[in-house]
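S.K.: So I've got this file, my_file_5.pdb, and it contains PDB, C-alpha atoms and all ligand atoms:
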```pdb
ATOM      1  CA  MET A 107      61.245  78.427 131.421
ATOM      2  CA  VAL A 108      63.061  80.517 133.981
ATOM      3  CA  THR A 109      64.641  83.158 131.743
ATOM      4  CA  MET A 110      63.342  86.015 129.599
ATOM      5  CA  GLY A 111      60.804  86.973 132.274
ATOM      6  CA  MET A 112      58.230  84.458 131.096
ATOM      7  CA  THR A 113      56.026  85.237 134.054
ATOM      8  CA  MET A 114      56.321  89.003 133.593
ATOM      9  CA  THR A 115      52.893  90.529 132.968
ATOM     10  CA  THR A 116      52.212  93.876 131.321
ATOM     11  CA  PRO A 117      48.870  95.505 130.444
ATOM     12  CA  ALA A 118      49.548  94.871 126.739
ATOM     13  CA  LEU A 119      50.224  91.183 127.399
ATOM     14  CA  THR A 120      47.028  90.872 129.441
ATOM     15  CA  GLN A 121      45.009  92.545 126.669
ATOM     16  CA  ALA A 122      46.589  90.361 123.977
ATOM     17  CA  LEU A 123      45.733  87.266 126.032
ATOM     18  CA  GLU A 124      42.136  88.374 126.476
ATOM     19  CA  CYS A 125      41.770  88.861 122.721
ATOM     20  CA  LEU A 126      43.343  85.492 121.880
ATOM     21  CA  GLN A 127      41.372  83.612 124.544
ATOM     22  CA  ALA A 128      38.075  85.131 123.371
ATOM     23  CA  SER A 129      38.828  84.347 119.724
ATOM     24  CA  GLU A 130      37.896  81.082 118.018
ATOM     25  CA  ARG A 131      38.948  81.856 114.433
ATOM     26  CA  PRO A 132      41.870  84.318 114.516
ATOM     27  CA  LEU A 133      43.843  85.335 111.436
ATOM     28  CA  LEU A 134      47.603  85.629 111.958
ATOM     29  CA  ILE A 135      49.493  87.707 109.366
ATOM     30  CA  ALA A 136      53.213  87.506 108.543
ATOM     31  CA  HIS A 137      54.915  90.320 106.622
ATOM     32  CA  PRO A 138      55.860  90.299 102.893
ATOM     33  CA  ARG A 139      59.266  88.930 101.791
ATOM     34  CA  PRO A 140      58.898  86.915 104.973
ATOM     35  CA  ASP A 141      61.856  86.268 107.248
ATOM     36  CA  GLY A 142      62.389  83.647 109.934
ATOM     37  CA  ASP A 143      61.052  85.832 112.721
ATOM     38  CA  THR A 144      57.675  86.618 111.173
ATOM     39  CA  ILE A 145      57.232  83.015 109.929
ATOM     40  CA  GLY A 146      58.560  81.260 113.040
ATOM     41  CA  CYS A 147      56.424  83.383 115.370
ATOM     42  CA  THR A 148      53.274  83.028 113.261
ATOM     43  CA  LEU A 149      53.710  79.234 113.136
ATOM     44  CA  ALA A 150      54.470  79.001 116.867
ATOM     45  CA  LEU A 151      51.331  80.968 117.765
ATOM     46  CA  ARG A 152      49.278  78.886 115.321
ATOM     47  CA  LEU A 153      50.435  75.663 117.013
ATOM     48  CA  ALA A 154      49.614  77.079 120.444
ATOM     49  CA  LEU A 155      46.122  78.153 119.330
ATOM     50  CA  LEU A 156      45.503  74.750 117.714
ATOM     51  CA  ALA A 157      46.493  73.120 121.020
ATOM     52  CA  LEU A 158      43.782  75.239 122.660
ATOM     53  CA  GLY A 159      41.213  73.860 120.216
ATOM     54  CA  LYS A 160      40.927  77.046 118.172
ATOM     55  CA  ALA A 161      40.902  77.329 114.371
ATOM     56  CA  PRO A 162      43.592  79.859 113.422
ATOM     57  CA  ARG A 163      44.362  80.814 109.813
ATOM     58  CA  ILE A 164      47.752  82.132 108.761
ATOM     59  CA  ALA A 165      48.551  84.373 105.807
ATOM     60  CA  CYS A 166      51.510  85.901 104.013
ATOM     61  CA  VAL A 167      51.231  87.687 100.661
ATOM     62  CA  HIS A 168      54.480  86.122  99.399
ATOM     63  CA  PRO A 169      55.489  82.474  99.174
ATOM     64  CA  LEU A 170      57.784  81.197 101.919
ATOM     65  CA  PRO A 171      61.459  80.987 100.975
ATOM     66  CA  GLY A 172      62.910  77.500 100.744
ATOM     67  CA  ASN A 173      64.780  77.854 104.031
ATOM     68  CA  LEU A 174      61.533  78.388 105.988
ATOM     69  CA  ASP A 175      58.920  76.297 104.174
ATOM     70  CA  TYR A 176      59.972  73.150 106.051
ATOM     71  CA  LEU A 177      58.897  74.522 109.437
ATOM     72  CA  PRO A 178      55.942  72.740 111.113
ATOM     73  CA  GLY A 179      52.668  74.058 109.699
ATOM     74  CA  ALA A 180      54.282  76.089 106.893
ATOM     75  CA  ALA A 181      51.967  74.547 104.287
ATOM     76  CA  ALA A 182      48.985  76.195 106.023
ATOM     77  CA  PHE A 183      49.951  79.697 104.848
ATOM     78  CA  GLU A 184      47.403  81.385 102.555
ATOM     79  CA  VAL A 185      48.398  84.214 100.175
ATOM     80  CA  ALA A 186      45.066  86.085 100.308
ATOM     81  CA  ILE A 187      42.113  86.315 102.680
ATOM     82  CA  PRO A 188      38.715  87.518 101.398
ATOM     83  CA  GLU A 189      37.256  90.592 103.069
ATOM     84  CA  ASP A 190      34.199  88.588 104.207
ATOM     85  CA  ALA A 191      36.269  85.733 105.660
ATOM     86  CA  ASP A 192      34.856  84.058 108.759
ATOM     87  CA  ILE A 193      37.488  85.338 111.180
ATOM     88  CA  ASP A 194      37.028  87.003 114.579
ATOM     89  CA  LEU A 195      40.462  88.530 115.335
ATOM     90  CA  VAL A 196      43.533  89.720 113.431
ATOM     91  CA  VAL A 197      47.082  89.380 114.746
ATOM     92  CA  ALA A 198      49.924  91.224 112.962
ATOM     93  CA  VAL A 199      53.245  89.514 113.617
ATOM     94  CA  ASP A 200      56.673  91.207 113.430
ATOM     95  CA  MET A 201      55.641  94.311 111.507
ATOM     96  CA  SER A 202      56.000  97.996 112.316
ATOM     97  CA  ASP A 203      53.025  99.417 110.431
ATOM     98  CA  LEU A 204      49.793  98.282 108.789
ATOM     99  CA  SER A 205      51.184  98.506 105.232
ATOM    100  CA  ARG A 206      53.509  95.634 106.191
ATOM    101  CA  THR A 207      50.615  93.160 105.962
ATOM    102  CA  GLY A 208      51.154  93.547 102.207
ATOM    103  CA  GLY A 209      47.462  94.127 101.576
ATOM    104  CA  ILE A 210      46.286  91.016 103.450
ATOM    105  CA  TYR A 211      44.627  93.277 106.027
ATOM    106  CA  LYS A 212      41.384  94.801 104.703
ATOM    107  CA  PRO A 213      40.482  98.316 105.941
ATOM    108  CA  ALA A 214      36.832  97.225 106.361
ATOM    109  CA  TRP A 215      37.934  94.828 109.115
ATOM    110  CA  ALA A 216      38.630  97.770 111.426
ATOM    111  CA  GLU A 217      34.848  98.014 111.973
ATOM    112  CA  ARG A 218      34.299  94.465 113.182
ATOM    113  CA  LEU A 219      37.641  92.953 114.224
ATOM    114  CA  LYS A 220      40.198  93.744 116.880
ATOM    115  CA  LEU A 221      43.804  94.013 115.728
ATOM    116  CA  VAL A 222      46.589  92.713 117.974
ATOM    117  CA  VAL A 223      50.171  93.700 117.124
ATOM    118  CA  ILE A 224      53.059  91.572 118.403
ATOM    119  CA  ASP A 225      56.389  93.079 117.417
ATOM    120  CA  HIS A 226      59.844  94.325 118.393
ATOM    121  CA  HIS A 227      60.557  97.144 115.909
ATOM    122  CA  ALA A 228      61.626 100.408 117.550
ATOM    123  CA  THR A 229      59.881 102.222 114.687
ATOM    124  CA  ASN A 230      56.518 100.516 115.394
ATOM    125  CA  ASP A 231      53.763 103.127 115.381
ATOM    126  CA  ALA A 232      51.411 101.077 117.639
ATOM    127  CA  PHE A 233      48.814 100.638 114.886
ATOM    128  CA  GLY A 234      46.767  97.950 116.651
ATOM    129  CA  ASP A 235      43.975  97.981 119.205
ATOM    130  CA  VAL A 236      46.416  96.039 121.371
ATOM    131  CA  ASN A 237      50.140  96.626 120.932
ATOM    132  CA  LEU A 238      52.550  94.158 122.489
ATOM    133  CA  ILE A 239      55.791  95.765 121.321
ATOM    134  CA  GLU A 240      59.201  95.133 122.875
ATOM    135  CA  PRO A 241      61.695  97.319 121.013
ATOM    136  CA  GLU A 242      64.631  96.016 123.029
ATOM    137  CA  ALA A 243      63.873  92.362 122.196
ATOM    138  CA  ALA A 244      66.247  90.483 119.878
ATOM    139  CA  ALA A 245      63.273  89.115 117.952
ATOM    140  CA  THR A 246      59.473  89.097 117.996
ATOM    141  CA  ALA A 247      60.018  85.523 119.212
ATOM    142  CA  LEU A 248      60.497  86.905 122.738
ATOM    143  CA  PRO A 249      57.147  88.683 123.212
ATOM    144  CA  MET A 250      55.567  85.810 121.244
ATOM    145  CA  ALA A 251      57.055  83.253 123.650
ATOM    146  CA  ARG A 252      55.589  85.263 126.534
ATOM    147  CA  VAL A 253      52.145  85.154 124.887
ATOM    148  CA  ILE A 254      52.280  81.402 124.251
ATOM    149  CA  HIS A 255      53.551  80.691 127.776
ATOM    150  CA  ALA A 256      50.801  82.871 129.245
ATOM    151  CA  LEU A 257      48.222  80.955 127.180
ATOM    152  CA  GLY A 258      49.348  77.916 129.193
ATOM    153  CA  ILE A 259      51.018  76.119 126.282
ATOM    154  CA  PRO A 260      54.498  74.651 126.905
ATOM    155  CA  LEU A 261      57.337  76.093 124.811
ATOM    156  CA  ARG A 262      58.585  72.737 123.551
ATOM    157  CA  ASP A 263      59.066  70.499 120.504
ATOM    158  CA  ASP A 264      57.616  72.068 117.310
ATOM    159  CA  ILE A 265      56.789  75.343 119.060
ATOM    160  CA  ALA A 266      60.354  75.521 120.403
ATOM    161  CA  THR A 267      61.711  74.837 116.896
ATOM    162  CA  CYS A 268      59.602  77.642 115.392
ATOM    163  CA  LEU A 269      60.741  80.074 118.096
ATOM    164  CA  LEU A 270      64.370  79.010 117.582
ATOM    165  CA  ALA A 271      64.045  79.630 113.844
ATOM    166  CA  ALA A 272      62.724  83.125 114.627
ATOM    167  CA  LEU A 273      65.469  83.951 117.142
ATOM    168  CA  ILE A 274      68.364  82.454 115.223
ATOM    169  CA  THR A 275      67.501  84.122 111.916
ATOM    170  CA  ASP A 276      66.707  87.563 113.369
ATOM    171  CA  THR A 277      69.990  87.545 115.321
ATOM    172  CA  ARG A 278      71.888  86.220 112.261
ATOM    173  CA  GLY A 279      73.010  83.170 114.165
ATOM    174  CA  LEU A 280      73.066  84.827 117.607
ATOM    175  CA  ARG A 281      75.548  87.567 116.689
ATOM    176  CA  THR A 282      73.614  90.839 116.981
ATOM    177  CA  GLU A 283      73.962  93.451 119.724
ATOM    178  CA  THR A 284      70.593  92.275 121.042
ATOM    179  CA  THR A 285      71.868  88.745 121.742
ATOM    180  CA  THR A 286      72.075  89.107 125.525
ATOM    181  CA  PRO A 287      73.035  86.399 128.053
ATOM    182  CA  ALA A 288      69.308  86.002 128.749
ATOM    183  CA  VAL A 289      68.669  85.361 125.041
ATOM    184  CA  LEU A 290      71.390  82.717 124.999
ATOM    185  CA  ARG A 291      69.910  81.072 128.112
ATOM    186  CA  PHE A 292      66.460  81.125 126.498
ATOM    187  CA  VAL A 293      67.877  79.480 123.369
ATOM    188  CA  SER A 294      69.427  76.717 125.475
ATOM    189  CA  GLU A 295      66.089  76.203 127.264
ATOM    190  CA  LEU A 296      64.315  75.863 123.926
ATOM    191  CA  VAL A 297      66.895  73.282 122.842
ATOM    192  CA  GLU A 298      66.464  71.363 126.110
ATOM    193  CA  ALA A 299      62.696  71.435 125.509
ATOM    194  CA  GLY A 300      63.089  69.639 122.189
ATOM    195  CA  GLY A 301      63.717  72.537 119.810
ATOM    196  CA  ASP A 302      65.740  71.452 116.766
ATOM    197  CA  TYR A 303      68.758  73.773 117.069
ATOM    198  CA  LEU A 304      71.044  72.021 114.589
ATOM    199  CA  GLY A 305      68.221  71.604 112.087
ATOM    200  CA  VAL A 306      67.399  75.308 112.272
ATOM    201  CA  MET A 307      71.066  76.280 111.824
ATOM    202  CA  GLN A 308      71.486  73.923 108.868
ATOM    203  CA  ARG A 309      68.153  74.520 107.161
ATOM    204  CA  THR A 310      67.595  78.247 107.722
ATOM    205  CA  LEU A 311      71.079  79.822 107.817
ATOM    206  CA  ASP A 312      73.388  77.401 106.011
ATOM    207  CA  ALA A 313      70.913  76.965 103.192
ATOM    208  CA  VAL A 314      71.587  79.587 100.542
ATOM    209  CA  PRO A 315      69.991  78.610  97.209
ATOM    210  CA  TYR A 316      72.313  78.322  94.202
ATOM    211  CA  LYS A 317      70.530  81.234  92.464
ATOM    212  CA  GLN A 318      71.151  83.422  95.500
ATOM    213  CA  MET A 319      74.807  82.386  95.618
ATOM    214  CA  LYS A 320      75.094  83.506  91.971
ATOM    215  CA  ALA A 321      73.378  86.777  92.911
ATOM    216  CA  TRP A 322      75.903  87.269  95.712
ATOM    217  CA  GLY A 323      78.586  86.908  93.057
ATOM    218  CA  VAL A 324      77.053  89.764  91.065
ATOM    219  CA  ALA A 325      76.546  91.912  94.161
ATOM    220  CA  LEU A 326      80.108  91.307  95.387
ATOM    221  CA  SER A 327      81.573  92.068  91.961
ATOM    222  CA  ARG A 328      79.800  95.451  92.173
ATOM    223  CA  LEU A 329      80.851  96.092  95.805
ATOM    224  CA  GLN A 330      82.218  99.562  96.543
ATOM    225  CA  LEU A 331      84.035 100.852  99.586
ATOM    226  CA  GLU A 332      84.468 104.428 100.674
ATOM    227  CA  THR A 333      85.644 105.459 104.119
ATOM    228  CA  GLY A 334      83.624 103.295 106.492
ATOM    229  CA  ILE A 335      80.815 102.519 104.043
ATOM    230  CA  ALA A 336      80.487  99.358 101.950
ATOM    231  CA  TRP A 337      77.665  99.320  99.423
ATOM    232  CA  THR A 338      76.467  97.648  96.295
ATOM    233  CA  THR A 339      73.750  97.991  93.694
ATOM    234  CA  PHE A 340      71.720  95.378  91.876
ATOM    235  CA  PRO A 341      70.281  96.648  88.577
ATOM    236  CA  LEU A 342      67.074  95.164  87.224
ATOM    237  CA  ALA A 343      68.846  93.778  84.133
ATOM    238  CA  GLU A 344      71.139  91.690  86.362
ATOM    239  CA  LYS A 345      68.136  90.411  88.336
ATOM    240  CA  GLN A 346      66.349  89.419  85.148
ATOM    241  CA  ALA A 347      69.444  87.655  83.831
ATOM    242  CA  LEU A 348      69.481  85.510  86.998
ATOM    243  CA  ASP A 349      65.687  85.042  87.062
ATOM    244  CA  ILE A 350      65.388  86.849  90.403
ATOM    245  CA  GLU A 351      61.907  87.961  91.479
ATOM    246  CA  ASP A 352      61.258  91.195  93.361
ATOM    247  CA  HIS A 353      60.111  89.256  96.421
ATOM    248  CA  ASP A 354      63.294  87.150  96.515
ATOM    249  CA  ASP A 355      65.177  88.292  99.604
ATOM    250  CA  LEU A 356      68.827  88.073  98.574
ATOM    251  CA  ASP A 357      69.975  88.846 102.116
ATOM    252  CA  LEU A 358      72.667  91.158 100.779
ATOM    253  CA  GLY A 359      72.633  93.382 103.859
ATOM    254  CA  ASN A 360      73.883  90.567 106.044
ATOM    255  CA  LEU A 361      76.464  89.513 103.474
ATOM    256  CA  LEU A 362      77.902  93.022 103.085
ATOM    257  CA  SER A 363      77.995  93.598 106.847
ATOM    258  CA  GLN A 364      80.919  91.189 107.070
ATOM    259  CA  THR A 365      83.188  93.688 105.264
ATOM    260  CA  ARG A 366      85.943  94.403 107.785
ATOM    261  CA  GLU A 367      86.815  97.963 106.699
ATOM    262  CA  ALA A 368      83.252  99.281 106.966
ATOM    263  CA  GLN A 369      80.918 100.309 109.803
ATOM    264  CA  LEU A 370      77.880 101.017 107.618
ATOM    265  CA  PHE A 371      76.506  98.925 104.779
ATOM    266  CA  ALA A 372      73.907  99.397 102.064
ATOM    267  CA  SER A 373      72.479  97.238  99.308
ATOM    268  CA  LEU A 374      70.278  98.893  96.697
ATOM    269  CA  LEU A 375      68.055  96.730  94.516
ATOM    270  CA  GLU A 376      66.228  98.021  91.479
ATOM    271  CA  MET A 377      62.617  96.748  91.492
ATOM    272  CA  ARG A 378      60.203  96.148  88.627
ATOM    273  CA  ASP A 379      57.774  98.844  89.838
ATOM    274  CA  GLY A 380      60.334 101.629  89.382
ATOM    275  CA  THR A 381      61.367 101.799  93.027
ATOM    276  CA  VAL A 382      64.688 100.986  94.630
ATOM    277  CA  LYS A 383      64.689  98.748  97.706
ATOM    278  CA  VAL A 384      67.413  99.729 100.139
ATOM    279  CA  SER A 385      68.690  97.558 102.957
ATOM    280  CA  LEU A 386      70.989  99.154 105.547
ATOM    281  CA  ARG A 387      73.189  97.555 108.199
ATOM    282  CA  ALA A 388      75.309  99.094 110.962
ATOM    283  CA  ARG A 389      77.972  97.762 113.247
ATOM    284  CA  PRO A 390      77.248  98.023 117.006
ATOM    285  CA  GLY A 391      77.395 101.650 118.108
ATOM    286  CA  TYR A 392      76.148 102.951 114.764
ATOM    287  CA  ASP A 393      72.523 103.631 113.901
ATOM    288  CA  VAL A 394      70.676 103.279 110.599
ATOM    289  CA  ALA A 395      67.105 103.266 112.002
ATOM    290  CA  TRP A 396      66.829 107.074 111.810
ATOM    291  CA  ILE A 397      67.885 107.052 108.154
ATOM    292  CA  ALA A 398      65.223 104.498 107.238
ATOM    293  CA  LYS A 399      62.600 106.375 109.253
ATOM    294  CA  GLN A 400      63.527 109.670 107.562
ATOM    295  CA  LEU A 401      63.124 108.075 104.125
ATOM    296  CA  GLY A 402      59.769 106.471 104.888
ATOM    297  CA  GLY A 403      60.935 103.024 105.963
ATOM    298  CA  GLY A 404      61.627 101.368 109.289
ATOM    299  CA  GLY A 405      63.662  98.870 111.199
ATOM    300  CA  HIS A 406      66.202  98.600 113.952
ATOM    301  CA  THR A 407      69.369 100.422 114.995
ATOM    302  CA  GLN A 408      71.559  97.855 113.279
ATOM    303  CA  ALA A 409      69.285  96.779 110.425
ATOM    304  CA  ALA A 410      66.742  98.903 108.608
ATOM    305  CA  GLY A 411      65.357  99.496 105.155
ATOM    306  CA  TYR A 412      63.123 101.486 102.849
ATOM    307  CA  SER A 413      61.903 101.759  99.270
ATOM    308  CA  LEU A 414      62.180 104.931  97.201
ATOM    309  CA  PRO A 415      60.961 105.819  93.712
ATOM    310  CA  GLY A 416      63.617 107.032  91.301
ATOM    311  CA  SER A 417      66.719 105.864  89.502
ATOM    312  CA  LEU A 418      69.330 103.699  91.120
ATOM    313  CA  ASP A 419      71.900 106.530  90.851
ATOM    314  CA  LEU A 420      69.618 109.010  92.588
ATOM    315  CA  VAL A 421      68.775 106.668  95.468
ATOM    316  CA  VAL A 422      72.474 105.783  95.843
ATOM    317  CA  ARG A 423      73.276 109.488  96.123
ATOM    318  CA  ASP A 424      70.585 110.178  98.772
ATOM    319  CA  THR A 425      71.443 107.048 100.738
ATOM    320  CA  LEU A 426      75.193 107.720 100.790
ATOM    321  CA  ALA A 427      74.596 111.312 101.900
ATOM    322  CA  LEU A 428      72.757 110.120 105.022
ATOM    323  CA  LEU A 429      75.202 107.299 105.703
ATOM    324  CA  ARG A 430      78.063 109.833 105.629
ATOM    325  CA  GLN A 431      76.104 111.928 108.165
ATOM    326  CA  GLU A 432      75.792 108.912 110.446
ATOM    327  CA  LEU A 433      79.489 108.158 110.083
ATOM    328  CA  ALA A 434      80.349 111.757 110.945
ATOM    329  CA  ARG A 435      78.405 111.660 114.220
ATOM    330  CA  PRO A 436      80.602 111.230 117.298
ATOM    331  CA  HIS A 437      80.805 107.510 118.133
TER
HETATM  332 MN    MN A 501      61.891  90.484 113.632
END
```
Output the file's structure as structure tokens, nothing else.
Ligand SMILES: [Mn+2]

M.R.:
Amino acid sequence: MVTMGMTMTTPALTQALECLQASERPLLIAHPRPDGDTIGCTLALRLALLALGKAPRIACVHPLPGNLDYLPGAAAFEVAIPEDADIDLVVAVDMSDLSRTGGIYKPAWAERLKLVVIDHHATNDAFGDVNLIEPEAAATALPMARVIHALGIPLRDDIATCLLAALITDTRGLRTETTTPAVLRFVSELVEAGGDYLGVMQRTLDAVPYKQMKAWGVALSRLQLETGIAWTTFPLAEKQALDIEDHDDLDLGNLLSQTREAQLFASLLEMRDGTVKVSLRARPGYDVAWIAKQLGGGGHTQAAGYSLPGSLDLVVRDTLALLRQELARPH
């Protein structure tokens, strides 16, 4: 691996390595409503640790979506870990704050276990004892690849496939602003090393379940456009009619962001707990991270989100007000 600075060492990388090398039974946690980055990176690190003879456990509070549950090792995910579990390290993967473990992390662990954070969210509040955070990285797959390489494990075959799944999903098929020439070179190296590029494309991206396709129909029929902003709402009644669970990620943000006339995009989903889950997208040059941060969420410049209590109408109003502010900024 010649690209992506695989031999680059930072204090955070050194500390993360020390923790992982000293650990025999680490717990790796992926975030709720898991995406390809959190799952691919967690599985890649698990494979690397297994190759070192360690006994990692992996956890995610929600079931894996059908486009990720085929990845090598996916069946090993657990949905809960008891507080007194026999683990000796916790690794949080692809999450910007501790609440993103979805309750898997137990506060009592802070006394006895080190917490390593491996992430790329600009809004990450460095909540670990060790924080390997690369906000400029296209995906957590990049710092994760550095960790695995530094552990002495080759980035090939199943590990390469897991890292490809992470990179390709988080860049929406290599089309985000963060998809640099170095990222593209790294992708080609992973493919040369046995990573299943075509399989990942076919099985993660071009693999929308029928139910989700129907949901897209509802969301698109409710699509609205005002100067530069495309947005849609998904009321609870419509979700129930289509048998959609709250943890189903409909990926509406990415769908809406293809609307040619708009620079900013929002999807607002009514949830069963009385909150509204908002997903924002921005074209290159625009920024939605500050909006999410201001409303208690997080994310990236081009993709961010948050949840707010209140009616759909109220959250639409507050969200549109901030999106109009962003649109009005000089660009
Ligand atoms: Mn990510």

S.K.: Please give me, as a list in words, the residues lying within 6 Å of ligand MN 501 (chain A) when counting only C-alpha atoms and all ligand atoms.

M.R.: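 Going residue by residue within 6 Å of ligand MN 501 (chain A), we get Asp143, Asp200, Ala245, Thr246 and Asp276 of chain A.
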
S.K.: Translate the PyMOL selection byres (((chain A and resi 345) around 10) and not hetatm) into a concrete residue list for this structure, as a list of chain:residue names.

M.R.: A:Ala321, A:Val324, A:Phe340, A:Pro341, A:Leu342, A:Ala343, A:Glu344, A:Gln346, A:Ala347, A:Leu348, A:Asp349, A:Ile350, A:Glu351, A:Asp352, A:Leu375, A:Glu376, A:Met377, A:Arg378

S.K.: Residues at most 8 Å from Ala313 in chain A, counting all atoms listed in the file, excluding those fewer than 4 positions away in the same chain, as a list in words?

M.R.: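 The residues satisfying every condition are Asn173, Gln308 and Arg309 of chain A.
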
S.K.: Store the residues picked out above in a file with C-alpha atoms, as a compact mmCIF listing (two decimals), in the coordinates of the input.

M.R.:
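Output below, filename selection_24.txt:
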```
# COMPACT_ATOMS: atom_id res chain seq x y z
CA ASN A 173 64.78 77.85 104.03
CA GLN A 308 71.49 73.92 108.87
CA ARG A 309 68.15 74.52 107.16
```

S.K.: At a cut-off of 7 Å, using all atoms listed in the file, what residues contact range 381-395 of chain A? Leave out same-chain residues fewer than 3 positions from it and give the result as number ranges by chain.

M.R.: A: 283, 359, 363, 369-377, 398-399, 404-416, 418, 437

S.K.: How would the residues just picked look written out with C-alpha atoms as an mmCIF file, in the frame of the given file?

M.R.:
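Result saved to again17.cif:
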```cif
data_model
loop_
_atom_site.group_PDB
_atom_site.id
_atom_site.type_symbol
_atom_site.label_atom_id
_atom_site.label_comp_id
_atom_site.auth_asym_id
_atom_site.auth_seq_id
_atom_site.Cartn_x
_atom_site.Cartn_y
_atom_site.Cartn_z
ATOM 1 C CA GLU A 283 73.962 93.451 119.724
ATOM 2 C CA GLY A 359 72.633 93.382 103.859
ATOM 3 C CA SER A 363 77.995 93.598 106.847
ATOM 4 C CA GLN A 369 80.918 100.309 109.803
ATOM 5 C CA LEU A 370 77.880 101.017 107.618
ATOM 6 C CA PHE A 371 76.506 98.925 104.779
ATOM 7 C CA ALA A 372 73.907 99.397 102.064
ATOM 8 C CA SER A 373 72.479 97.238 99.308
ATOM 9 C CA LEU A 374 70.278 98.893 96.697
ATOM 10 C CA LEU A 375 68.055 96.730 94.516
ATOM 11 C CA GLU A 376 66.228 98.021 91.479
ATOM 12 C CA MET A 377 62.617 96.748 91.492
ATOM 13 C CA ALA A 398 65.223 104.498 107.238
ATOM 14 C CA LYS A 399 62.600 106.375 109.253
ATOM 15 C CA GLY A 404 61.627 101.368 109.289
ATOM 16 C CA GLY A 405 63.662 98.870 111.199
ATOM 17 C CA HIS A 406 66.202 98.600 113.952
ATOM 18 C CA THR A 407 69.369 100.422 114.995
ATOM 19 C CA GLN A 408 71.559 97.855 113.279
ATOM 20 C CA ALA A 409 69.285 96.779 110.425
ATOM 21 C CA ALA A 410 66.742 98.903 108.608
ATOM 22 C CA GLY A 411 65.357 99.496 105.155
ATOM 23 C CA TYR A 412 63.123 101.486 102.849
ATOM 24 C CA SER A 413 61.903 101.759 99.270
ATOM 25 C CA LEU A 414 62.180 104.931 97.201
ATOM 26 C CA PRO A 415 60.961 105.819 93.712
ATOM 27 C CA GLY A 416 63.617 107.032 91.301
ATOM 28 C CA LEU A 418 69.330 103.699 91.120
ATOM 29 C CA HIS A 437 80.805 107.510 118.133
#
```

S.K.: Check the smallest atom-to-atom distance from each of A:Gly172, A:Arg366, A:Ala232, A:Leu280 to Lys317 in chain A using all atoms listed in the file, then report the winner.

M.R.: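 Comparing A:Gly172, A:Arg366, A:Ala232, A:Leu280 against Lys317 in chain A, the winner is A:Gly172.
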
S.K.: Written as a PyMOL selection string, what is the full residue list that the PyMOL selection byres (((chain A and resi 235-237) around 12) and not hetatm) yields on the file shown?

M.R.: chain A and resi 116-126+195-204+216-227+230-234+238-241+249

S.K.: May I ask you to restore N, CA, C and O atoms in range 301-310 of chain A and write the result as a PDB file, in the coordinates of the input?

M.R.:
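Below you can see out-v1.pdb, which holds the result:
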```pdb
ATOM      1  N   GLY A 301      63.553  71.720 121.015  1.00  0.00           N
ATOM      2  CA  GLY A 301      63.717  72.537 119.810  1.00  0.00           C
ATOM      3  C   GLY A 301      64.896  72.031 118.988  1.00  0.00           C
ATOM      4  O   GLY A 301      65.924  71.640 119.536  1.00  0.00           O
ATOM      5  N   ASP A 302      64.730  72.037 117.665  1.00  0.00           N
ATOM      6  CA  ASP A 302      65.740  71.452 116.766  1.00  0.00           C
ATOM      7  C   ASP A 302      66.777  72.506 116.374  1.00  0.00           C
ATOM      8  O   ASP A 302      66.729  73.072 115.287  1.00  0.00           O
ATOM      9  N   TYR A 303      67.746  72.730 117.267  1.00  0.00           N
ATOM     10  CA  TYR A 303      68.758  73.773 117.069  1.00  0.00           C
ATOM     11  C   TYR A 303      69.596  73.518 115.816  1.00  0.00           C
ATOM     12  O   TYR A 303      69.729  74.384 114.958  1.00  0.00           O
ATOM     13  N   LEU A 304      70.166  72.316 115.720  1.00  0.00           N
ATOM     14  CA  LEU A 304      71.044  72.021 114.589  1.00  0.00           C
ATOM     15  C   LEU A 304      70.275  72.080 113.272  1.00  0.00           C
ATOM     16  O   LEU A 304      70.760  72.621 112.278  1.00  0.00           O
ATOM     17  N   GLY A 305      69.052  71.563 113.288  1.00  0.00           N
ATOM     18  CA  GLY A 305      68.221  71.604 112.087  1.00  0.00           C
ATOM     19  C   GLY A 305      67.955  73.029 111.644  1.00  0.00           C
ATOM     20  O   GLY A 305      68.025  73.346 110.455  1.00  0.00           O
ATOM     21  N   VAL A 306      67.651  73.907 112.608  1.00  0.00           N
ATOM     22  CA  VAL A 306      67.399  75.308 112.272  1.00  0.00           C
ATOM     23  C   VAL A 306      68.658  75.947 111.700  1.00  0.00           C
ATOM     24  O   VAL A 306      68.614  76.634 110.672  1.00  0.00           O
ATOM     25  N   MET A 307      69.808  75.724 112.330  1.00  0.00           N
ATOM     26  CA  MET A 307      71.066  76.280 111.824  1.00  0.00           C
ATOM     27  C   MET A 307      71.328  75.815 110.389  1.00  0.00           C
ATOM     28  O   MET A 307      71.654  76.601 109.509  1.00  0.00           O
ATOM     29  N   GLN A 308      71.181  74.499 110.180  1.00  0.00           N
ATOM     30  CA  GLN A 308      71.486  73.923 108.868  1.00  0.00           C
ATOM     31  C   GLN A 308      70.468  74.344 107.810  1.00  0.00           C
ATOM     32  O   GLN A 308      70.839  74.645 106.682  1.00  0.00           O
ATOM     33  N   ARG A 309      69.191  74.353 108.189  1.00  0.00           N
ATOM     34  CA  ARG A 309      68.153  74.520 107.161  1.00  0.00           C
ATOM     35  C   ARG A 309      67.723  75.955 106.947  1.00  0.00           C
ATOM     36  O   ARG A 309      67.157  76.273 105.907  1.00  0.00           O
ATOM     37  N   THR A 310      67.956  76.842 107.958  1.00  0.00           N
ATOM     38  CA  THR A 310      67.595  78.247 107.722  1.00  0.00           C
ATOM     39  C   THR A 310      68.807  79.099 107.348  1.00  0.00           C
ATOM     40  O   THR A 310      68.754  79.865 106.401  1.00  0.00           O
TER      41      THR A 310
END
```
